[in-house]
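The file model_23.cif comes next; it holds mmCIF, C-alpha atoms (C1' of nucleotides).
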```cif
data_protein
#
loop_
_atom_site.label_atom_id
_atom_site.label_comp_id
_atom_site.auth_asym_id
_atom_site.auth_seq_id
_atom_site.Cartn_x
_atom_site.Cartn_y
_atom_site.Cartn_z
CA MET A 1 128.48 99.13 100.65
CA ARG A 2 124.81 98.74 99.88
CA GLN A 3 124.26 98.36 103.60
CA THR A 4 126.18 101.54 104.34
CA ILE A 5 124.10 103.47 101.84
CA LEU A 6 120.84 102.07 103.15
CA ARG A 7 121.74 103.00 106.71
CA ALA A 8 122.62 106.52 105.64
CA ALA A 9 119.44 106.88 103.61
CA ALA A 10 117.32 105.61 106.49
CA ARG A 11 118.96 108.07 108.84
CA VAL A 12 118.21 111.04 106.63
CA PHE A 13 114.72 109.84 105.74
CA ARG A 14 113.96 109.67 109.40
CA ARG A 15 115.46 113.05 110.15
CA ARG A 16 113.92 115.07 107.35
CA GLY A 17 111.24 112.86 105.85
CA PHE A 18 111.34 111.22 102.44
CA ALA A 19 110.03 114.06 100.30
CA ALA A 20 112.29 116.65 101.91
CA THR A 21 115.56 114.75 101.50
CA GLY A 22 117.48 114.88 98.28
CA MET A 23 119.88 112.42 96.76
CA ARG A 24 122.64 114.89 97.51
CA ASP A 25 121.79 114.73 101.22
CA ILE A 26 121.97 110.96 101.23
CA ALA A 27 125.25 111.06 99.34
CA ALA A 28 126.70 113.51 101.86
CA GLU A 29 125.53 111.38 104.78
CA ALA A 30 127.23 108.33 103.27
CA ASP A 31 130.40 110.26 102.26
CA LEU A 32 129.78 109.58 98.59
CA SER A 33 129.24 111.50 95.42
CA PRO A 34 125.62 111.93 94.32
CA GLY A 35 126.15 110.07 91.11
CA ASN A 36 127.72 107.09 92.79
CA LEU A 37 124.46 106.16 94.50
CA TYR A 38 123.17 105.10 91.11
CA TYR A 39 125.89 102.54 90.78
CA TYR A 40 124.31 100.62 93.66
CA PHE A 41 120.65 101.60 93.46
CA GLY A 42 118.38 102.42 90.60
CA SER A 43 116.49 105.33 92.08
CA LYS A 44 115.52 107.21 95.18
CA ASP A 45 112.31 105.21 95.37
CA GLU A 46 114.24 101.98 95.32
CA LEU A 47 116.26 103.22 98.26
CA LEU A 48 113.10 103.79 100.26
CA PHE A 49 111.76 100.44 99.15
CA PHE A 50 114.72 98.50 100.51
CA CYS A 51 114.54 100.36 103.83
CA GLN A 52 110.93 99.38 104.25
CA ASP A 53 111.44 95.87 102.99
CA HIS A 54 114.25 95.22 105.39
CA SER A 55 112.43 96.36 108.50
CA LEU A 56 109.29 94.48 107.51
CA ASP A 57 111.36 91.33 107.22
CA ARG A 58 112.67 91.95 110.68
CA MET A 59 109.21 92.41 112.13
CA LEU A 60 107.88 89.34 110.37
CA ALA A 61 110.78 87.35 111.76
CA THR A 62 109.89 88.26 115.34
CA CYS A 63 106.28 87.26 114.69
CA HIS A 64 107.50 83.93 113.47
CA ALA A 65 109.78 83.46 116.46
CA VAL A 66 107.11 84.47 118.94
CA GLY A 67 104.69 82.05 117.32
CA ARG A 68 106.88 79.13 118.29
CA ALA A 69 107.12 80.23 121.91
CA GLY A 70 104.15 78.37 123.36
CA ALA A 71 102.91 81.23 125.53
CA GLY A 72 99.45 82.73 125.86
CA ALA A 73 98.06 85.34 123.51
CA ALA A 74 98.70 88.16 125.97
CA GLU A 75 102.37 87.33 126.38
CA ARG A 76 102.85 86.82 122.65
CA LEU A 77 101.22 90.14 121.84
CA ALA A 78 103.34 91.91 124.42
CA LEU A 79 106.46 90.44 122.85
CA VAL A 80 105.48 91.56 119.38
CA ILE A 81 104.72 95.06 120.62
CA ARG A 82 108.05 95.34 122.36
CA ALA A 83 109.87 94.13 119.26
CA HIS A 84 107.95 96.55 117.07
CA VAL A 85 108.88 99.50 119.28
CA ALA A 86 112.49 98.41 119.30
CA CYS A 87 112.54 98.14 115.53
CA MET A 88 110.94 101.55 115.32
CA LEU A 89 113.18 103.42 117.74
CA ASP A 90 116.47 101.53 117.91
CA GLU A 91 116.91 100.45 114.34
CA LEU A 92 117.02 103.59 112.30
CA ASP A 93 115.53 102.17 109.14
CA GLY A 94 112.38 101.05 110.90
CA ALA A 95 110.94 104.49 111.07
CA ALA A 96 110.77 104.96 107.34
CA ALA A 97 109.02 101.66 106.91
CA HIS A 98 105.37 102.08 107.62
CA THR A 99 105.46 105.82 107.55
CA GLU A 100 106.00 106.60 103.90
CA VAL A 101 104.36 103.81 101.94
CA GLU A 102 102.38 106.29 99.89
CA ALA A 103 105.56 107.76 98.50
CA LEU A 104 106.45 104.62 96.56
CA PRO A 105 105.55 104.17 92.90
CA PRO A 106 102.76 101.62 92.33
CA ARG A 107 104.99 98.74 91.36
CA LEU A 108 107.12 98.87 94.48
CA ARG A 109 104.29 99.90 96.75
CA GLU A 110 102.35 96.78 95.84
CA ARG A 111 105.11 94.58 97.15
CA ILE A 112 105.51 96.53 100.38
CA VAL A 113 101.79 96.63 101.01
CA ALA A 114 101.58 92.89 100.46
CA LYS A 115 104.31 92.27 103.01
CA ARG A 116 102.82 94.73 105.45
CA ASP A 117 99.50 92.94 105.13
CA ARG A 118 101.19 89.69 106.01
CA TYR A 119 102.56 91.31 109.15
CA GLU A 120 99.22 92.77 110.08
CA ALA A 121 97.61 89.37 109.56
CA ALA A 122 100.15 87.75 111.86
CA VAL A 123 99.37 90.21 114.64
CA ARG A 124 95.65 89.87 114.04
CA ARG A 125 95.96 86.12 114.38
CA ILE A 126 97.32 86.55 117.90
CA VAL A 127 94.48 88.87 118.83
CA ALA A 128 91.85 86.59 117.32
CA GLU A 129 93.20 83.59 119.13
CA GLY A 130 93.09 85.45 122.43
CA VAL A 131 89.47 86.33 121.78
CA ARG A 132 88.64 82.74 120.91
CA MET A 133 90.34 81.50 124.08
CA ARG A 134 88.37 84.04 126.15
CA THR A 135 91.59 85.54 127.52
CA PHE A 136 90.72 88.65 125.53
CA ALA A 137 87.43 90.49 125.62
CA PRO A 138 85.16 90.02 122.60
CA CYS A 139 85.94 92.57 119.88
CA ASP A 140 86.69 93.05 116.22
CA PRO A 141 90.29 91.80 115.89
CA THR A 142 90.82 93.73 112.67
CA LEU A 143 90.02 97.09 114.21
CA VAL A 144 91.90 96.46 117.42
CA THR A 145 94.94 95.27 115.52
CA ARG A 146 94.93 98.45 113.51
CA ALA A 147 94.65 100.50 116.66
CA VAL A 148 97.66 98.73 118.10
CA LEU A 149 99.75 99.11 114.96
CA GLY A 150 98.72 102.74 114.65
CA ALA A 151 99.91 103.51 118.15
CA LEU A 152 103.18 101.72 117.41
CA ASN A 153 103.87 103.26 114.02
CA TRP A 154 103.09 106.71 115.29
CA THR A 155 106.03 106.52 117.72
CA ALA A 156 108.34 107.39 114.84
CA ARG A 157 106.64 110.75 114.67
CA TRP A 158 107.24 111.99 118.17
CA TYR A 159 110.10 109.98 119.59
CA ARG A 160 113.40 111.81 119.86
CA PRO A 161 116.52 109.81 120.76
CA ASP A 162 117.74 112.63 122.98
CA GLY A 163 114.53 112.66 125.00
CA ALA A 164 114.16 111.50 128.55
CA GLN A 165 112.50 108.18 127.72
CA PRO A 166 114.70 105.30 126.59
CA PRO A 167 113.10 103.05 123.96
CA ALA A 168 112.63 100.28 126.51
CA ALA A 169 110.47 102.53 128.69
CA VAL A 170 108.21 103.30 125.75
CA ALA A 171 108.05 99.61 124.87
CA ASP A 172 107.02 98.69 128.42
CA ALA A 173 104.36 101.35 128.72
CA PHE A 174 102.88 100.52 125.34
CA ALA A 175 102.89 96.78 125.93
CA THR A 176 101.05 97.00 129.23
CA TYR A 177 98.55 99.59 128.04
CA LEU A 178 97.78 98.03 124.67
CA VAL A 179 97.47 94.51 126.07
CA ARG A 180 95.36 95.53 129.04
CA GLY A 181 92.84 97.06 126.67
CA LEU A 182 92.20 93.60 125.34
CA CYS A 183 92.04 91.64 128.56
CA ALA A 184 88.55 90.66 129.63
CA MET Q 1 85.16 130.42 97.86
CA ARG Q 2 88.10 129.94 100.17
CA GLN Q 3 86.06 127.20 101.83
CA THR Q 4 85.42 125.51 98.50
CA ILE Q 5 89.09 125.52 97.67
CA LEU Q 6 90.08 124.22 101.08
CA ARG Q 7 87.62 121.36 100.82
CA ALA Q 8 88.89 120.46 97.38
CA ALA Q 9 92.50 120.62 98.52
CA ALA Q 10 91.77 118.47 101.55
CA ARG Q 11 90.06 115.90 99.38
CA VAL Q 12 93.01 115.57 97.04
CA PHE Q 13 95.58 115.68 99.83
CA ARG Q 14 93.79 112.81 101.45
CA ARG Q 15 93.50 110.83 98.23
CA ARG Q 16 97.02 111.20 96.92
CA GLY Q 17 99.04 112.64 99.79
CA PHE Q 18 100.47 116.12 100.01
CA ALA Q 19 103.71 115.63 98.12
CA ALA Q 20 102.08 113.75 95.27
CA THR Q 21 99.36 116.30 94.53
CA GLY Q 22 100.03 119.31 92.37
CA MET Q 23 98.39 122.69 92.28
CA ARG Q 24 96.88 121.69 88.95
CA ASP Q 25 95.16 118.73 90.63
CA ILE Q 26 93.66 120.94 93.30
CA ALA Q 27 92.55 123.44 90.68
CA ALA Q 28 90.87 120.69 88.68
CA GLU Q 29 89.14 119.32 91.77
CA ALA Q 30 87.76 122.78 92.57
CA ASP Q 31 86.89 123.54 88.92
CA LEU Q 32 89.29 126.42 88.79
CA SER Q 33 92.31 127.49 86.86
CA PRO Q 34 95.69 126.80 88.46
CA GLY Q 35 96.56 130.45 88.57
CA ASN Q 36 93.37 131.42 90.28
CA LEU Q 37 94.29 129.56 93.44
CA TYR Q 38 96.89 132.20 94.10
CA TYR Q 39 94.26 134.87 94.25
CA TYR Q 40 92.93 133.26 97.41
CA PHE Q 41 95.97 131.56 98.89
CA GLY Q 42 99.61 132.41 98.90
CA SER Q 43 101.10 129.00 98.34
CA LYS Q 44 100.56 125.27 98.40
CA ASP Q 45 101.99 125.15 101.90
CA GLU Q 46 99.50 127.70 103.09
CA LEU Q 47 96.72 125.54 101.71
CA LEU Q 48 97.90 122.61 103.80
CA PHE Q 49 98.33 124.87 106.79
CA PHE Q 50 94.72 126.03 106.75
CA CYS Q 51 93.47 122.46 106.41
CA GLN Q 52 95.39 121.44 109.48
CA ASP Q 53 94.57 124.57 111.41
CA HIS Q 54 90.86 124.17 110.80
CA SER Q 55 90.64 120.57 111.93
CA LEU Q 56 92.77 121.26 114.99
CA ASP Q 57 90.38 124.03 115.94
CA ARG Q 58 87.53 121.59 115.64
CA MET Q 59 89.23 119.03 117.85
CA LEU Q 60 90.15 121.62 120.44
CA ALA Q 61 86.56 122.77 120.49
CA THR Q 62 85.29 119.31 121.35
CA CYS Q 63 87.85 119.05 124.13
CA HIS Q 64 86.56 122.32 125.51
CA ALA Q 65 82.94 121.21 125.24
CA VAL Q 66 83.65 117.85 126.84
CA GLY Q 67 85.48 119.56 129.66
CA ARG Q 68 82.33 121.35 130.73
CA ALA Q 69 80.28 118.14 130.79
CA GLY Q 70 80.81 117.04 134.36
CA ALA Q 71 81.33 113.38 133.60
CA GLY Q 72 84.07 111.02 134.73
CA ALA Q 73 87.43 110.75 133.03
CA ALA Q 74 86.47 107.54 131.23
CA GLU Q 75 83.35 109.04 129.66
CA ARG Q 76 85.15 112.23 128.73
CA LEU Q 77 87.98 110.35 127.09
CA ALA Q 78 85.54 108.19 125.17
CA LEU Q 79 83.80 111.30 123.86
CA VAL Q 80 87.04 112.87 122.72
CA ILE Q 81 88.05 109.66 120.97
CA ARG Q 82 84.76 109.43 119.15
CA ALA Q 83 84.97 113.05 118.06
CA HIS Q 84 88.52 112.58 116.88
CA VAL Q 85 87.57 109.60 114.76
CA ALA Q 86 84.64 111.49 113.30
CA CYS Q 87 86.85 114.44 112.45
CA MET Q 88 89.30 112.06 110.88
CA LEU Q 89 86.92 110.01 108.77
CA ASP Q 90 83.84 112.14 108.16
CA GLU Q 91 85.36 115.54 107.71
CA LEU Q 92 87.69 115.27 104.78
CA ASP Q 93 90.16 117.87 105.90
CA GLY Q 94 90.86 116.12 109.17
CA ALA Q 95 92.98 113.48 107.57
CA ALA Q 96 95.59 115.88 106.32
CA ALA Q 97 95.92 117.46 109.71
CA HIS Q 98 98.18 115.40 111.86
CA THR Q 99 99.48 113.35 109.02
CA GLU Q 100 101.64 115.78 107.10
CA VAL Q 101 103.00 118.23 109.65
CA GLU Q 102 106.54 117.63 108.48
CA ALA Q 103 105.69 118.95 105.05
CA LEU Q 104 105.16 122.50 106.28
CA PRO Q 105 107.89 125.14 106.17
CA PRO Q 106 109.27 126.02 109.61
CA ARG Q 107 107.27 129.19 110.10
CA LEU Q 108 103.90 127.57 109.53
CA ARG Q 109 104.87 124.30 111.15
CA GLU Q 110 105.66 126.06 114.39
CA ARG Q 111 102.14 127.34 114.66
CA ILE Q 112 100.55 123.99 113.88
CA VAL Q 113 102.80 122.15 116.28
CA ALA Q 114 101.94 124.63 119.01
CA LYS Q 115 98.25 124.07 118.47
CA ARG Q 116 98.65 120.33 118.25
CA ASP Q 117 100.54 120.42 121.53
CA ARG Q 118 97.65 122.23 123.12
CA TYR Q 119 95.32 119.49 121.94
CA GLU Q 120 97.62 116.77 123.19
CA ALA Q 121 97.84 118.52 126.55
CA ALA Q 122 94.06 118.66 126.78
CA VAL Q 123 93.77 114.92 126.22
CA ARG Q 124 96.62 114.23 128.60
CA ARG Q 125 94.86 116.25 131.26
CA ILE Q 126 91.88 113.90 131.07
CA VAL Q 127 94.11 110.86 131.38
CA ALA Q 128 96.06 112.34 134.26
CA GLU Q 129 92.93 113.22 136.14
CA GLY Q 130 91.63 109.69 135.74
CA VAL Q 131 94.87 108.36 137.15
CA ARG Q 132 94.69 110.76 140.07
CA MET Q 133 91.10 109.76 140.79
CA ARG Q 134 92.10 106.09 140.70
CA THR Q 135 89.54 105.34 137.99
CA PHE Q 136 92.49 104.72 135.69
CA ALA Q 137 95.39 102.42 136.41
CA PRO Q 138 98.68 104.09 137.33
CA CYS Q 139 100.72 104.91 134.23
CA ASP Q 140 102.66 107.60 132.42
CA PRO Q 141 99.92 109.86 131.01
CA THR Q 142 102.22 111.30 128.39
CA LEU Q 143 103.03 107.95 126.82
CA VAL Q 144 99.50 106.62 127.00
CA THR Q 145 98.12 109.80 125.47
CA ARG Q 146 100.52 109.45 122.58
CA ALA Q 147 99.50 105.84 122.11
CA VAL Q 148 95.86 106.89 121.94
CA LEU Q 149 96.49 109.72 119.50
CA GLY Q 150 98.70 107.50 117.38
CA ALA Q 151 95.96 104.91 117.04
CA LEU Q 152 93.50 107.65 116.11
CA ASN Q 153 95.67 109.52 113.65
CA TRP Q 154 96.66 106.31 111.93
CA THR Q 155 93.07 105.68 110.90
CA ALA Q 156 93.54 108.13 108.04
CA ARG Q 157 96.06 105.72 106.59
CA TRP Q 158 93.90 102.64 106.27
CA TYR Q 159 90.29 103.78 106.36
CA ARG Q 160 88.47 103.70 103.03
CA PRO Q 161 85.04 105.33 102.82
CA ASP Q 162 83.79 102.52 100.59
CA GLY Q 163 84.80 99.87 103.11
CA ALA Q 164 82.46 97.76 105.18
CA GLN Q 165 82.93 99.69 108.41
CA PRO Q 166 81.07 102.98 108.87
CA PRO Q 167 83.01 105.62 110.80
CA ALA Q 168 80.76 105.16 113.82
CA ALA Q 169 81.71 101.48 114.10
CA VAL Q 170 85.38 102.42 114.12
CA ALA Q 171 84.72 105.11 116.70
CA ASP Q 172 82.93 102.67 118.99
CA ALA Q 173 85.54 99.95 118.75
CA PHE Q 174 88.38 102.40 119.35
CA ALA Q 175 86.66 104.11 122.26
CA THR Q 176 85.97 100.89 124.15
CA TYR Q 177 89.38 99.39 123.45
CA LEU Q 178 91.45 102.49 124.19
CA VAL Q 179 89.54 103.37 127.34
CA ARG Q 180 89.54 99.85 128.71
CA GLY Q 181 93.32 99.81 128.48
CA LEU Q 182 93.36 102.55 131.08
CA CYS Q 183 90.76 101.25 133.49
CA ALA Q 184 92.18 99.80 136.68
"C1'" DC V 1 154.52 98.32 83.24
"C1'" DG V 2 150.13 98.06 81.00
"C1'" DC V 3 145.80 96.67 80.41
"C1'" DA V 4 141.01 95.30 81.96
"C1'" DG V 5 137.58 95.46 85.12
"C1'" DG V 6 135.18 97.52 88.69
"C1'" DT V 7 134.42 101.94 91.08
"C1'" DT V 8 133.92 106.94 91.78
"C1'" DT V 9 133.28 111.55 90.51
"C1'" DG V 10 130.93 116.03 89.66
"C1'" DA V 11 129.27 118.71 86.31
"C1'" DA V 12 125.46 118.96 83.20
"C1'" DC V 13 120.82 117.49 81.66
"C1'" DC V 14 115.99 117.77 81.94
"C1'" DA V 15 111.21 116.79 83.69
"C1'" DT V 16 108.31 118.14 87.18
"C1'" DG V 17 105.51 121.32 89.23
"C1'" DG V 18 105.04 125.62 92.13
"C1'" DT V 19 104.52 130.24 90.88
"C1'" DT V 20 103.98 134.67 88.23
"C1'" DC V 21 101.86 137.82 85.16
"C1'" DG V 22 99.47 140.42 81.74
"C1'" DA V 23 95.36 140.22 79.76
"C1'" DA V 24 90.43 138.87 79.43
"C1'" DA V 25 85.97 138.33 81.58
"C1'" DG V 26 82.57 139.14 84.82
"C1'" DT V 27 80.12 142.42 88.36
"C1'" DC V 28 77.72 146.42 89.71
"C1'" DG V 29 76.54 150.97 90.93
"C1'" DA V 30 75.91 155.52 88.52
"C1'" DT D 1 76.41 152.39 78.48
"C1'" DC D 2 80.40 153.51 81.03
"C1'" DG D 3 84.13 152.76 84.14
"C1'" DA D 4 86.27 151.02 88.27
"C1'" DC D 5 86.93 147.02 90.61
"C1'" DT D 6 87.07 142.18 91.46
"C1'" DT D 7 87.75 137.77 89.74
"C1'" DT D 8 89.51 134.35 86.42
"C1'" DC D 9 92.38 132.52 83.11
"C1'" DG D 10 96.27 129.77 81.08
"C1'" DA D 11 100.48 130.15 79.03
"C1'" DA D 12 105.14 130.99 80.32
"C1'" DC D 13 108.76 131.31 83.88
"C1'" DC D 14 112.07 129.21 86.73
"C1'" DA D 15 114.01 126.76 90.85
"C1'" DT D 16 114.38 122.33 92.58
"C1'" DG D 17 116.22 118.01 92.50
"C1'" DG D 18 116.34 113.26 90.42
"C1'" DT D 19 119.10 111.38 86.98
"C1'" DT D 20 122.74 110.62 83.33
"C1'" DC D 21 127.27 110.35 81.45
"C1'" DA D 22 131.90 110.55 79.99
"C1'" DA D 23 135.98 110.97 82.03
"C1'" DA D 24 139.12 109.90 85.95
"C1'" DC D 25 140.49 106.75 89.48
"C1'" DC D 26 141.70 102.70 91.59
"C1'" DT D 27 143.07 97.61 91.97
"C1'" DG D 28 145.06 93.43 90.74
"C1'" DC D 29 146.72 90.31 87.43
"C1'" DG D 30 149.76 88.92 83.41
#
```

What's the structure tokens form of this structure?
Amino acid sequence: MRQTILRAAARVFRRRGFAATGMRDIAAEADLSPGNLYYYFGSKDELLFFCQDHSLDRMLATCHAVGRAGAGAAERLALVIRAHVACMLDELDGAAAHTEVEALPPRLRERIVAKRDRYEAAVRRIVAEGVRMRTFAPCDPTLVTRAVLGALNWTARWYRPDGAQPPAAVADAFATYLVRGLCA
Amino acid sequence: MRQTILRAAARVFRRRGFAATGMRDIAAEADLSPGNLYYYFGSKDELLFFCQDHSLDRMLATCHAVGRAGAGAAERLALVIRAHVACMLDELDGAAAHTEVEALPPRLRERIVAKRDRYEAAVRRIVAEGVRMRTFAPCDPTLVTRAVLGALNWTARWYRPDGAQPPAAVADAFATYLVRGLCA
DNA sequence: CGCAGGTTTGAACCATGGTTCGAAAGTCGA
DNA sequence: TCGACTTTCGAACCATGGTTCAAACCTGCG
């Protein structure tokens, strides 16, 4: 039930944006009465929080998995990028994740920001290692990592499921472009 | 006067986000009474609209200027990237531009989206020409352009003026990284 | 059947915040 | 100084939308 509601909320958040969607919209999307949402969740903010938390967990998991695969930095980064795009465009709740952090009240935002920082650090570690190994050109890993994540997060803004490009095509293009920018 | 108000609005939008800031906040920032804002602007939406419109004009202008400089695609793209970062981090109103398009009512949004599309097309033209000239690796110019713009627009989310990095450092790092990803 | 617990409802409550408005204050040429 | 006009004020208005609540509804067990 909680899952059903979260899916519905994520769908509407993505479609109309967090600020523009009302509890009544979410209720309608989940075939529920407005009041009933509060039996499962405490507030609208909490709903957004769990959407973000869930997709961050997913992204962190792929980082963890990729870390064990003993490949080079370039391959590992490409894998993370592909997974990030997939999470952003296939999974519906991914889009609301990084996009609307500012909307959360301080208490909840803290926790999301902390988790997001852990994800960013994981990606940065891959970049830094590539630089150290000389497979990547010398650069500031922090800035480059943010450029990469920016390009990825921004996909939620322009991608339309009914467009010509399937998510995999976007993932491929982004992986090759964003990795090549690092290669020495 | 209108300029003063717009600056103030842009500052607060950037600090707290569009949805979170009230007319009373903007009025306070501009040392004005809440009601007085409506003597110069019709609504809160209109305020956001003019912020976005102004910074888009600025970005389009640099595209135009760069177009006349008869340099190669790589140099032209680097110039546009640098200008975009500057507009994003130096000029306060730039941040609100691409970041909160969804917040606008349909009528105003249409016009902003149209202008933003023109900007995107201008950047894409540079990329496409580079590909045609073989100075850039073969790729889908549309997707790569969106990756570039995503990385740039995202800067508004994480950059803090009191941080260690001056805007120019960010501009340099982004220009080299994002252009190198295209070079064959 | 009947009762207890969990679940669902939808109408009503109420704070927030964009907006309006009538009046007061400044400006300036005559 | 006067009067017309522009500008400013801030208290009140009011729609929106998140939230609450008491009653109804189910479900399963004794």

* Asked: At most 10 Å from (101.4, 109.9, 124.2), file frame, all atoms listed in the file: which residues, as a PyMOL selection string?
  -> (chain A and resi 151+154-155+158-159+170+174) or (chain Q and resi 120-121+123-124+140-150)

Selection under test: the PyMOL selection byres ((chain A) within 8 of (chain D)); residues as a PDB file with C-alpha atoms, in the coordinates of the input:
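Written out: result-v9.pdb:
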```
ATOM      1  CA  GLY A  22     117.480 114.880  98.280  1.00  0.00           C
ATOM      2  CA  MET A  23     119.880 112.420  96.760  1.00  0.00           C
ATOM      3  CA  LYS A  44     115.520 107.210  95.180  1.00  0.00           C
TER       4      LYS A  44
END
```

Residues selected by the PyMOL selection byres ((chain V) within 9 of (chain Q)), written as a PDB file with C-alpha atoms (C1' of nucleotides), in the coordinates of the input:
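Below you can see out-v4.pdb, which holds the result:
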```
ATOM      1  C1'  DG V  17     105.510 121.320  89.230  1.00  0.00           C
ATOM      2  C1'  DG V  18     105.040 125.620  92.130  1.00  0.00           C
ATOM      3  C1'  DT V  19     104.520 130.240  90.880  1.00  0.00           C
ATOM      4  C1'  DT V  20     103.980 134.670  88.230  1.00  0.00           C
TER       5       DT V  20
END
```

* To do: Using the chain letters and numbering of this document, enumerate as a PyMOL selection string the residues selected by the PyMOL selection byres ((chain A and resi 13-18) around 8).
  => (chain A and resi 9-12+19-21+48+92-93+95-96+100+103) or (chain Q and resi 102)

Convert the current residue selection to file output with C-alpha atoms, as a PDB file, keeping the file's coordinate frame.
```pdb
ATOM      1  CA  ALA A   9     119.440 106.880 103.610  1.00  0.00           C
ATOM      2  CA  ALA A  10     117.320 105.610 106.490  1.00  0.00           C
ATOM      3  CA  ARG A  11     118.960 108.070 108.840  1.00  0.00           C
ATOM      4  CA  VAL A  12     118.210 111.040 106.630  1.00  0.00           C
ATOM      5  CA  ALA A  19     110.030 114.060 100.300  1.00  0.00           C
ATOM      6  CA  ALA A  20     112.290 116.650 101.910  1.00  0.00           C
ATOM      7  CA  THR A  21     115.560 114.750 101.500  1.00  0.00           C
ATOM      8  CA  LEU A  48     113.100 103.790 100.260  1.00  0.00           C
ATOM      9  CA  LEU A  92     117.020 103.590 112.300  1.00  0.00           C
ATOM     10  CA  ASP A  93     115.530 102.170 109.140  1.00  0.00           C
ATOM     11  CA  ALA A  95     110.940 104.490 111.070  1.00  0.00           C
ATOM     12  CA  ALA A  96     110.770 104.960 107.340  1.00  0.00           C
ATOM     13  CA  GLU A 100     106.000 106.600 103.900  1.00  0.00           C
ATOM     14  CA  ALA A 103     105.560 107.760  98.500  1.00  0.00           C
TER      15      ALA A 103
ATOM     16  CA  GLU Q 102     106.540 117.630 108.480  1.00  0.00           C
TER      17      GLU Q 102
END
```

* Can you work out the spacing between CA of Ala137 in chain Q and CA of Thr176 in chain Q in Å, to one decimal? => 15.5 Å

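Among the candidate residues Q:Val101, Q:Ala122, Q:Ala86, Q:Ala114, the one lying nearest to chain A is Q:Val101, with distances computed using only C-alpha atoms.
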
* Contact residues around Val131 in chain Q with all atoms listed in the file at 10 Å, ignoring same-chain residues under 6 positions, as number ranges by chain -> Q: 73, 125, 137-141, 182-184

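Going from CA of Pro166 in chain A over to CA of Ile126 in chain Q, you cover 24.8 Å.
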
Can you sort out range 74-78 of chain Q so it carries all heavy atoms, written as an mmCIF file, in the coordinates of the input?
```
data_model
loop_
_atom_site.group_PDB
_atom_site.id
_atom_site.type_symbol
_atom_site.label_atom_id
_atom_site.label_comp_id
_atom_site.auth_asym_id
_atom_site.auth_seq_id
_atom_site.Cartn_x
_atom_site.Cartn_y
_atom_site.Cartn_z
ATOM 1 N N ALA Q 74 86.675 108.582 132.244
ATOM 2 C CA ALA Q 74 86.470 107.540 131.230
ATOM 3 C C ALA Q 74 85.471 108.001 130.172
ATOM 4 O O ALA Q 74 85.710 107.855 128.972
ATOM 5 C CB ALA Q 74 85.984 106.251 131.895
ATOM 6 N N GLU Q 75 84.357 108.578 130.623
ATOM 7 C CA GLU Q 75 83.350 109.040 129.660
ATOM 8 C C GLU Q 75 83.903 110.180 128.821
ATOM 9 O O GLU Q 75 83.685 110.240 127.608
ATOM 10 C CB GLU Q 75 82.085 109.525 130.394
ATOM 11 C CG GLU Q 75 81.219 108.408 130.945
ATOM 12 C CD GLU Q 75 81.756 107.917 132.286
ATOM 13 O OE1 GLU Q 75 82.687 108.572 132.831
ATOM 14 O OE2 GLU Q 75 81.256 106.894 132.783
ATOM 15 N N ARG Q 76 84.601 111.090 129.465
ATOM 16 C CA ARG Q 76 85.150 112.230 128.730
ATOM 17 C C ARG Q 76 86.138 111.776 127.676
ATOM 18 O O ARG Q 76 86.102 112.230 126.524
ATOM 19 C CB ARG Q 76 85.838 113.189 129.711
ATOM 20 C CG ARG Q 76 84.874 113.892 130.656
ATOM 21 C CD ARG Q 76 85.196 115.366 130.814
ATOM 22 N NE ARG Q 76 86.550 115.578 131.297
ATOM 23 C CZ ARG Q 76 86.872 115.694 132.568
ATOM 24 N NH1 ARG Q 76 85.936 115.606 133.504
ATOM 25 N NH2 ARG Q 76 88.107 115.893 132.939
ATOM 26 N N LEU Q 77 87.003 110.846 128.053
ATOM 27 C CA LEU Q 77 87.980 110.350 127.090
ATOM 28 C C LEU Q 77 87.288 109.658 125.917
ATOM 29 O O LEU Q 77 87.654 109.848 124.753
ATOM 30 C CB LEU Q 77 88.952 109.377 127.767
ATOM 31 C CG LEU Q 77 90.090 108.860 126.888
ATOM 32 C CD1 LEU Q 77 90.926 110.017 126.356
ATOM 33 C CD2 LEU Q 77 90.980 107.885 127.650
ATOM 34 N N ALA Q 78 86.270 108.883 126.240
ATOM 35 C CA ALA Q 78 85.540 108.190 125.170
ATOM 36 C C ALA Q 78 84.923 109.193 124.204
ATOM 37 O O ALA Q 78 84.949 108.990 122.985
ATOM 38 C CB ALA Q 78 84.452 107.301 125.783
#
```
